[in-house]
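*Asks:* Just dropping this structure here.
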Amino acid sequence: MLNVYNTLTRQKEEFHPIEPGKVRMYVCGMTVYDLCHIGHARMLAAFDVIYRWLKASGYDVNYVRNITDIEDKIIKRALERGITPDQLVAETIADMHQDAAALNLLPPTHEPRATHHVGGMIALIEQLIANGKAYPAPNGDVYYAVREFEGYGKLSGRTLDKLRAGERVEIDPNKRDPLDFVLWKAAKPGEPSWDSPWGAGRPGWHIECSVMSCHHLGEHFDIHGGGEDLQFPHHENEIAQSEGAHGHQYVNYWLHNGFINVDGEKMSKSLGNFFTIRDVLQHFDGEVVRFFIVRSHYRSPVNYTDSILNDAKQGLTRLYTALRGLELPESTGIDWSNQYAARFKAAMDDDFSSSEAVAVLFELAGEVNKTRDVQLARLMKDLGGVLGLLQREPEEFLKAGAGEGELTAEQIEALIQARRDARANKNWAESDRIRDELIAKGVVLEDNAQGTSWRRA
């Protein structure tokens with residue numbers, strides 16, 4: 001039985017979908033104003049693993065991950081670059097999809113864009129006003145009245161009184177309460193806008209996800225996910241909006257992934273420790289980045305440093321090296337009664353514990369190295385596939401990754417041939433010199449009865 005940690009109840013619970021055999025899952029995606037950073041990679045890969053495990057468990061999964069394509073940051077960045085918001089959005093979505101492919105992410109079932117659902121947002125706001133949960137302000141904005149929703153704070157554990165006591169927000173004369181949040185923003189000159197009953201304007205950020213999730217999954221669905229930083233206020237506000245409008249529970253299970261820190265500190269542009277996925281991919285293979293993320297539990301904080309990425313590279317290299325040189329039979333599916341598969345399954349059924357599942361892969365790798373058993377190797381590859389790993393040919397991975405200043409595969413093969421010639425001529429000094437040169441360049445040679453193979457260190 002699958003057990004998941006539900007942020008709403010703050011405990012692990014048995015997972016029971018609303019409709020047997022089917023799972024409806026929504027995950028908050030990107031605001032597309034800039035390249036995705038390594039924190040985004042953590043969220044994307046974490047929920048990709050959850051998606052894969054649900055599918056591997058036999059569920060028919062409707063996975064929705066939205067795109068926020070209208071927001072203050074998008075407007076500001078487009079203005080700075082002298083292009084239209086639409087141009088910026090198109091460019092950034094293409095970059096996001098390229099990064100997703102490098103991380104071997106499965107595409108979601110649906111990837112809705114906020115601007116395609118403005119009509120639904122207007123309708124939901126009208127419903128909230130009719131239910132007494134929202135109000136138009138004199139300045140053309142529309143606000144949610146948080147004190148009119150009895151359950152406000154149930155996800156984050158923050159009460160309104162505590163929020164009010166700790167508030168440091170400037171008093172807005174248009175709000176009835178400083179904690180009220182905007183549902184509709186009145187248009188400003190030069191900004192994109194839509195007609196509405198309250199005048200020209202655009203939706204607030206929180207209302208987008210309430211509408212897009214319910215459009216694709218219904219007013220009550222199974223799983224809602226996102227980064228830990230979205231618990232409050234974004235997900236808290238989603239609950240208030242959706243349940244305030246529809247009068248019943250919005251989501252059964254709330255899942256949140258942990259943060260990525262850099263050298264023990266929160267990643268921040270102001271601290272100069274901010275890395276985009278593109279930055280990292282210049283130095284590390286996309287599968288290494290994925291492995292770095294997957295080998296930690298999705299709810300735990302993860303520390304990012306080059307040395308930790310190098311350690312992840314060595315770990316993934318160990319797994320691929322175990323598969324090297326074996327002719328694997330065609331997959332016939334995973335036999336979950338196998339002791340390794342059963343332990344892998346038990347780990348994943350315990351709140352998607354991919355860290356424990358990866359430990360099983362290393363045990364399998366040890367057995368494959370000792371026995372060269374192709375059935376065990378096939379199982380190892382199939383289990384790795386559940387995590388989005390080990391699906392390339394070992395030679396491709398082990399020889400990939402020539403970055404700036406590194407030898408190409410052709411240069412390495414030429415040096416190996418030169419070393420082979422030197423050995424044939426019993427020029428051991430030259431043979432050793434070439435070997436040392438390759439080691440210095442991050443190339444490991446492995447001599448065996450079949451000749452010399454190589455991989456990148």
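Chain labels follow the order of the structure tokens: the first chain is A, the next B, and so on; residue numbering restarts at 1 in every chain, and ligands are counted from 1 in their shown order.
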DSSP on the backbone: what in segment 258-432 of chain A comes out alpha helix (DSSP H), as a ChimeraX atom specification?
*Replies:* /A:277-281,286-294,306-323,339-349,354-371,374-386,394-399,409-424,428-432
*Asks:* I'd like to know which residues of segment 172-416 of chain A are strand (DSSP E or B) (by DSSP, run on the backbone); could you write them as a PyMOL selection string?
*Replies:* chain A and resi 181-186+194+201-203+221-227+251-257+260-262+265-266+276+302-304+350
*Asks:* Would you export the selected residues with C-alpha atoms as a PDB file, in the first residue's frame, please?
*Replies:*
ATOM      1  CA  PHE A 181      -5.124  39.176  -1.174  1.00  0.00           C
ATOM      2  CA  VAL A 182      -5.770  40.271  -4.725  1.00  0.00           C
ATOM      3  CA  LEU A 183      -7.830  38.201  -7.170  1.00  0.00           C
ATOM      4  CA  TRP A 184      -8.040  40.740  -9.981  1.00  0.00           C
ATOM      5  CA  LYS A 185      -5.667  43.638 -10.691  1.00  0.00           C
ATOM      6  CA  ALA A 186      -6.887  46.794 -12.389  1.00  0.00           C
ATOM      7  CA  TRP A 194      -8.637  41.698 -20.280  1.00  0.00           C
ATOM      8  CA  GLY A 201      -7.311  44.227 -15.736  1.00  0.00           C
ATOM      9  CA  ARG A 202      -5.570  40.902 -15.271  1.00  0.00           C
ATOM     10  CA  PRO A 203      -5.779  38.023 -12.779  1.00  0.00           C
ATOM     11  CA  PHE A 221      -8.954  15.855  -6.917  1.00  0.00           C
ATOM     12  CA  ASP A 222      -6.274  13.643  -5.400  1.00  0.00           C
ATOM     13  CA  ILE A 223      -2.844  15.287  -5.238  1.00  0.00           C
ATOM     14  CA  HIS A 224      -1.599  18.868  -5.333  1.00  0.00           C
ATOM     15  CA  GLY A 225       2.151  19.429  -5.272  1.00  0.00           C
ATOM     16  CA  GLY A 226       4.800  22.085  -5.411  1.00  0.00           C
ATOM     17  CA  GLY A 227       7.831  23.502  -3.677  1.00  0.00           C
ATOM     18  CA  VAL A 251      -7.561  18.422  -2.595  1.00  0.00           C
ATOM     19  CA  ASN A 252      -7.057  15.240  -0.564  1.00  0.00           C
ATOM     20  CA  TYR A 253      -3.238  15.048  -0.415  1.00  0.00           C
ATOM     21  CA  TRP A 254      -0.819  17.993  -0.421  1.00  0.00           C
ATOM     22  CA  LEU A 255       2.814  17.128  -1.270  1.00  0.00           C
ATOM     23  CA  HIS A 256       5.731  19.566  -1.020  1.00  0.00           C
ATOM     24  CA  ASN A 257       9.373  19.070  -1.967  1.00  0.00           C
ATOM     25  CA  ILE A 260      18.014  23.195  -2.453  1.00  0.00           C
ATOM     26  CA  ASN A 261      20.721  25.074  -0.560  1.00  0.00           C
ATOM     27  CA  VAL A 262      24.073  26.099  -2.011  1.00  0.00           C
ATOM     28  CA  GLU A 265      22.885  28.638   2.361  1.00  0.00           C
ATOM     29  CA  LYS A 266      19.585  29.338   0.649  1.00  0.00           C
ATOM     30  CA  THR A 276      20.397  28.070 -13.582  1.00  0.00           C
ATOM     31  CA  VAL A 302      19.450  19.109  -0.437  1.00  0.00           C
ATOM     32  CA  ASN A 303      22.821  20.842  -0.437  1.00  0.00           C
ATOM     33  CA  TYR A 304      24.337  21.753  -3.798  1.00  0.00           C
ATOM     34  CA  ASP A 350       6.931   4.671   1.740  1.00  0.00           C
TER      35      ASP A 350
END
*Asks:* Quick one: residues within 8 Å of segment 42-48 of chain A, only C-alpha atoms counted, chain neighbours fewer than 2 positions away excluded, as a list in words?
*Replies:*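 Result of the neighbour search: Val27, Ile38, Gly39, His40, Ile50, Tyr51, Arg52, Ala100, Leu103, Leu105, Leu106, Gly225, Gly226, Gly227, Asn257, Phe259, Ile260, Arg290, Ile293, Val294 and Tyr298 of chain A.
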*Asks:* May I ask which of the residues A:Ser196, A:Asp311, A:Gly218, A:Gln391 is the closest one to Pro136 of chain A, counting only C-alpha atoms?
*Replies:*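 Among the listed residues, A:Ser196 lies closest to Pro136 of chain A.
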*Asks:* Using only C-alpha atoms, which of A:Glu406, A:Asp34, A:Glu363, A:Glu356 sits nearest Ser296 of chain A?
*Replies:*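 Once distances to Ser296 of chain A are computed over only C-alpha atoms, the minimum belongs to A:Glu356.
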*Asks:* For segment 324-331 of chain A, please output as a list in words all residues within 9 Å (counting only C-alpha atoms; exclusion window: fewer than 3 positions along the same chain).
*Replies:*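 So the residues in contact are Tyr320, Thr321, Ile334, Arg372, Asp373, Val374, Gln375, Ala377, Arg378, Leu379, Asp382, Glu393, Pro394 and Glu395 of chain A.
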*Asks:* For each of A:Val118, A:Ala440, A:Ala400, A:Cys209, take the minimum atom-to-atom distance to Gly286 of chain A, counting only C-alpha atoms, then give the residue where this is smallest.
*Replies:*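 Answer, going by the shortest atom-to-atom distance: A:Ala400.
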*Asks:* Which residue gives the smallest distance to Glu228 of chain A among A:Ala94, A:Ala347, A:Leu155, A:Ala137, with only C-alpha atoms counted?
*Replies:* A:Leu155
*Asks:* Pick the closest to Leu387 of chain A from A:Ile412, A:Ala357, A:Leu438, A:Ala145: which is it, counting only C-alpha atoms?
*Replies:*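 Counting only C-alpha atoms, the residue closest to Leu387 of chain A is A:Ala357.
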*Asks:* Please list as a list in words every residue within 9 Å of Ile207 of chain A, counting only C-alpha atoms and excluding residues in the same chain fewer than 6 positions away.
*Replies:*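 In the requested format, the answer is Met121, Leu124, Ile125, Val182, Leu183, Trp184, Asn237, Glu238, Gln241 and Ser242 of chain A.
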*Asks:* Given only C-alpha atoms as the basis, pick out the residue of A:Val146, A:Arg278, A:Glu219, A:Thr31 nearest to Leu163 of chain A.
*Replies:* A:Val146
*Asks:* What's the 10 Å shell around Tyr5 of chain A, counting only C-alpha atoms, without same-chain residues fewer than 2 positions away, as a list in words?
*Replies:*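 The residues satisfying every condition are Asn3, Thr7, Leu8, Thr9, Arg10, Gln11, Lys12, Glu13, Glu14, Phe15, Tyr253, Trp254, Leu255, His256, Arg299, Asp350, Asp351 and Phe352 of chain A.
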*Asks:* List the spatial neighbours of Asp86 of chain A as an NGL selection string - criterion: any atom at most 10 Å away, only C-alpha atoms, same-chain residues fewer than 4 positions off excluded.
*Replies:* :A and (69-70 or 74-75 or 78 or 90-92 or 192)
*Asks:* Got time to write the residues from that selection, N, CA, C and O atoms, as a PDB file, in the first residue's frame?
*Replies:*
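Writing done, so here's again.pdb:
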ATOM      1  N   ASP A  69       2.016  32.546 -17.405  1.00  0.00           N
ATOM      2  CA  ASP A  69       2.551  33.340 -18.516  1.00  0.00           C
ATOM      3  C   ASP A  69       2.069  34.785 -18.491  1.00  0.00           C
ATOM      4  O   ASP A  69       2.193  35.503 -19.489  1.00  0.00           O
ATOM      5  N   ILE A  70       1.525  35.220 -17.353  1.00  0.00           N
ATOM      6  CA  ILE A  70       1.226  36.645 -17.151  1.00  0.00           C
ATOM      7  C   ILE A  70       1.458  36.943 -15.672  1.00  0.00           C
ATOM      8  O   ILE A  70       0.848  36.301 -14.799  1.00  0.00           O
ATOM      9  N   ILE A  74       7.170  38.962 -15.493  1.00  0.00           N
ATOM     10  CA  ILE A  74       7.199  38.799 -16.949  1.00  0.00           C
ATOM     11  C   ILE A  74       7.110  40.158 -17.629  1.00  0.00           C
ATOM     12  O   ILE A  74       7.877  40.460 -18.558  1.00  0.00           O
ATOM     13  N   ILE A  75       6.191  40.978 -17.158  1.00  0.00           N
ATOM     14  CA  ILE A  75       6.013  42.311 -17.742  1.00  0.00           C
ATOM     15  C   ILE A  75       7.289  43.140 -17.572  1.00  0.00           C
ATOM     16  O   ILE A  75       7.759  43.795 -18.512  1.00  0.00           O
ATOM     17  N   ALA A  78      10.221  41.732 -19.819  1.00  0.00           N
ATOM     18  CA  ALA A  78       9.997  42.038 -21.235  1.00  0.00           C
ATOM     19  C   ALA A  78      10.307  43.504 -21.515  1.00  0.00           C
ATOM     20  O   ALA A  78      10.927  43.837 -22.545  1.00  0.00           O
ATOM     21  N   ALA A  90       7.275  32.935 -25.037  1.00  0.00           N
ATOM     22  CA  ALA A  90       7.561  31.890 -26.025  1.00  0.00           C
ATOM     23  C   ALA A  90       9.016  31.423 -25.926  1.00  0.00           C
ATOM     24  O   ALA A  90       9.299  30.209 -25.958  1.00  0.00           O
ATOM     25  N   GLU A  91       9.916  32.359 -25.772  1.00  0.00           N
ATOM     26  CA  GLU A  91      11.342  32.039 -25.664  1.00  0.00           C
ATOM     27  C   GLU A  91      11.624  31.229 -24.398  1.00  0.00           C
ATOM     28  O   GLU A  91      12.342  30.223 -24.420  1.00  0.00           O
ATOM     29  N   THR A  92      11.027  31.656 -23.284  1.00  0.00           N
ATOM     30  CA  THR A  92      11.314  31.013 -22.003  1.00  0.00           C
ATOM     31  C   THR A  92      10.688  29.629 -21.913  1.00  0.00           C
ATOM     32  O   THR A  92      11.274  28.714 -21.320  1.00  0.00           O
ATOM     33  N   PRO A 192      -0.582  44.193 -20.429  1.00  0.00           N
ATOM     34  CA  PRO A 192      -1.645  43.349 -20.986  1.00  0.00           C
ATOM     35  C   PRO A 192      -2.864  43.380 -20.068  1.00  0.00           C
ATOM     36  O   PRO A 192      -2.730  43.422 -18.840  1.00  0.00           O
TER      37      PRO A 192
END
